[in-house]
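A quick write-up on the structure given underneath.
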Amino acid sequence: MRTTLILKTLTLGLAISLVASACGGGGDERGSIEVVATTSILGDITANLVDGAVTLTTIMPPGADPHEFEPSARQVATLRSADLIIANGLGLEESLEDVLQAAVEDGVVLLEVGPEVNPLPLAAAGEYDPHVWLDPVRMIEAVDLITAALTDLDASVDWIADAATYRAELQTLNGWIEQQFDSVDPSARVLFTGHQAFGYFAARYGFEVVATILPGATTTVEPSASSFAAVVEMLEASSVQAVFTDITESQALAEQLVGQVDRTVDVVPLFVGALGPEGSGADSYLGLMRWNAETIRMVFER
């Protein structure tokens, strides 16, 4: 049993820095419109669109699990006084749902991008996978949604023109990720993951998620003894070399899982629910996606 965290510095063709990530309080952008993004990923994407024309605050800092994050009283006040909140939705921000509803009742405009980008259904009826950002093509749609919401607030700014460069970078990112897996046999493109977070990535790049340790799309649930035993059997019967997890969640279950298999299976944490710290190579959305894609490719090339 071994836990492998593949750390590396990516040579980024797309130089994007995290402009705004504040754990409550103001971000680095200054303007008359108060915009709040819930997650560090949405904060980074939005920062690349506004170019100083708004005051942008990001609620969740890098490294925060959006499923478990609890806002401070100051952050609650920031959300309820905003002009526009940009959220993921689809149940991702579990502890913020009541606050977001209260903000809407206060007159704040709430944009939840997840429901608007053709979300993938989960096994439970009426539920959808919230991890839409792991597909950069859907994030191009999210950019269009954000620029439309900003235009509704201030039509004097050409938000669409300002977003054109970033949209192009997302398109380039998608093509780059596709190329990373050119050498991976399509029949070998199977993923064993910590929770149901990789559905969009798998669908976009031709992978299949064969099993997950946690029985759902959130990190707040625990597997039963019987479901965990079934996952152990599936892993033993497979030929996968790694279990991919979210770096923000506990690795204990994954380590316990691979420890019960009679061969070497690595636990490989990826940046899934949040940006990485500054200098990690995953401190922007573009960097995060490149880091993950290159890490996955390296596992399949071993």
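Ligands are numbered from 1 in the order shown, residues from 1 within each chain, and chains are lettered A, B, ... in the order they appear in the structure tokens.
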Using only C-alpha atoms, which protein or nucleic acid residues come within 9 Å of range 256-259 of chain A? Drop anything in the same chain fewer than 2 positions from it, and give the result as a count of residues only.
22
Please list as a PyMOL selection string every residue within 10 Å of Ser81 in chain A, counting only C-alpha atoms and excluding residues in the same chain fewer than 3 positions away.
chain A and resi 34-36+75-78+84-85+103+106-108
Dump as a short mmCIF file (atom, residue, chain, number, x, y, z; two decimals), in the first residue's frame, selection limited to C-alpha atoms:
data_model
loop_
_atom_site.label_atom_id
_atom_site.label_comp_id
_atom_site.auth_asym_id
_atom_site.auth_seq_id
_atom_site.Cartn_x
_atom_site.Cartn_y
_atom_site.Cartn_z
CA GLU A 34 -20.41 43.72 -5.84
CA VAL A 35 -19.92 40.19 -7.22
CA VAL A 36 -19.42 37.16 -4.99
CA GLN A 75 -19.08 35.82 4.69
CA VAL A 76 -22.82 35.40 5.18
CA ALA A 77 -23.14 39.19 5.32
CA THR A 78 -21.02 39.53 2.17
CA LEU A 84 -24.59 39.15 -8.00
CA ILE A 85 -23.68 35.74 -6.58
CA ALA A 103 -29.78 36.41 -0.31
CA ASP A 106 -32.97 40.09 -0.04
CA GLY A 107 -32.95 40.92 -3.77
CA VAL A 108 -29.52 39.57 -4.70
#
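The closest residue to Phe300 in chain A, picked from A:Asp135, A:Asp162, A:Asp182, A:Glu105 and counting only C-alpha atoms, is A:Asp182.
With distances restricted to only C-alpha atoms, A:Ser238 is the closest residue to Ala188 in chain A from A:Asn174, A:Ser224, A:Thr151, A:Ser238.
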Tell me which protein, DNA and RNA residues are within 10 Å of Phe181 in chain A, counting only C-alpha atoms, leaving out same-chain ones fewer than 3 positions away, and put them as number ranges by chain.
A: 176-178, 184-186, 189, 205-207, 293-294, 296-298, 300-301
For Thr218 in chain A, the closest of A:Glu169, A:Glu70, A:Glu94, A:Glu116 counting only C-alpha atoms is A:Glu94
Residues of range 169-291 of chain A classed as helix (DSSP H, G or I) by DSSP on the backbone are to be reported as a PyMOL selection string.
chain A and resi 169-180+186-188+199-205+225-237+252-258+285-291
Step one, run DSSP on the backbone; step two, keep only residues of range 8-245 of chain A assigned to strand (DSSP E or B); then write them as a ChimeraX atom specification.
/A:29,33-37,54-58,84-87,109-112,121,128,190-193,208-212,242-245
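Among A:Gly199, A:Gly114, A:Pro277, A:Pro130, the residue with the shortest atom-to-atom distance to Ile86 in chain A, counting only C-alpha atoms, is A:Gly114.
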Between CA of Gly216 in chain A and CA of Thr193 in chain A lies a distance of 11.1 Å
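Computed from the coordinates, the CA of Glu249 in chain A to CA of Leu79 in chain A distance equals 25.5 Å.
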Where does range 161-223 of chain A meet range 38-58 of chain A within 10 Å, residue by residue, with the nearest atom pair and distance in Å to one decimal for each, counting only C-alpha atoms, listed by chain and rising number, as CSV?
residue,atom,partner,partner_atom,distance
A:Ala161,CA,A:Leu49,CA,9.3
A:Asp162,CA,A:Leu49,CA,6.1
A:Ala163,CA,A:Leu49,CA,5.1
A:Ala164,CA,A:Leu49,CA,8.7
A:Thr165,CA,A:Leu49,CA,8.9
A:Tyr166,CA,A:Asn48,CA,6.7
A:Arg167,CA,A:Leu49,CA,9.4
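For the pair CA of Asp283 in chain A and CA of Gln196 in chain A, the interatomic distance is 22.8 Å.
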For a quick check of understanding, using only C-alpha atoms, which of A:Val117, A:Glu222, A:Thr212, A:Arg80 has the smallest distance to Gln101 in chain A?
A:Arg80
Skip Ala124 in chain A itself and residues of its chain fewer than 5 positions away, then list as a list in words all residues within 12 Å of it, counting only C-alpha atoms.
Asp129, Pro215, Gly216 and Ala217 of chain A
Counting only C-alpha atoms, what is within 8 Å of Glu93 in chain A, bar same-chain residues fewer than 2 positions away, as a CSV table (one decimal) with C-alpha atoms, in the first residue's frame?
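Saved the output as result34.csv:
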chain,number,residue,atom,x,y,z
A,38,THR,CA,-18.8,30.8,-3.9
A,66,PRO,CA,-17.1,22.9,-1.2
A,67,HIS,CA,-19.2,20.0,0.1
A,68,GLU,CA,-18.2,20.7,3.7
A,69,PHE,CA,-17.3,24.4,3.8
A,87,ALA,CA,-22.6,29.7,-7.5
A,88,ASN,CA,-22.2,26.2,-8.8
A,89,GLY,CA,-25.5,24.9,-7.6
A,91,GLY,CA,-26.2,20.8,-4.2
A,95,SER,CA,-23.9,24.5,3.8
A,96,LEU,CA,-24.6,27.7,1.8
A,97,GLU,CA,-28.0,26.7,0.4
Residue among A:Ala149, A:Val143, A:Leu191, A:Ala211 lying closest to Leu110 in chain A, counting only C-alpha atoms:
A:Ala149
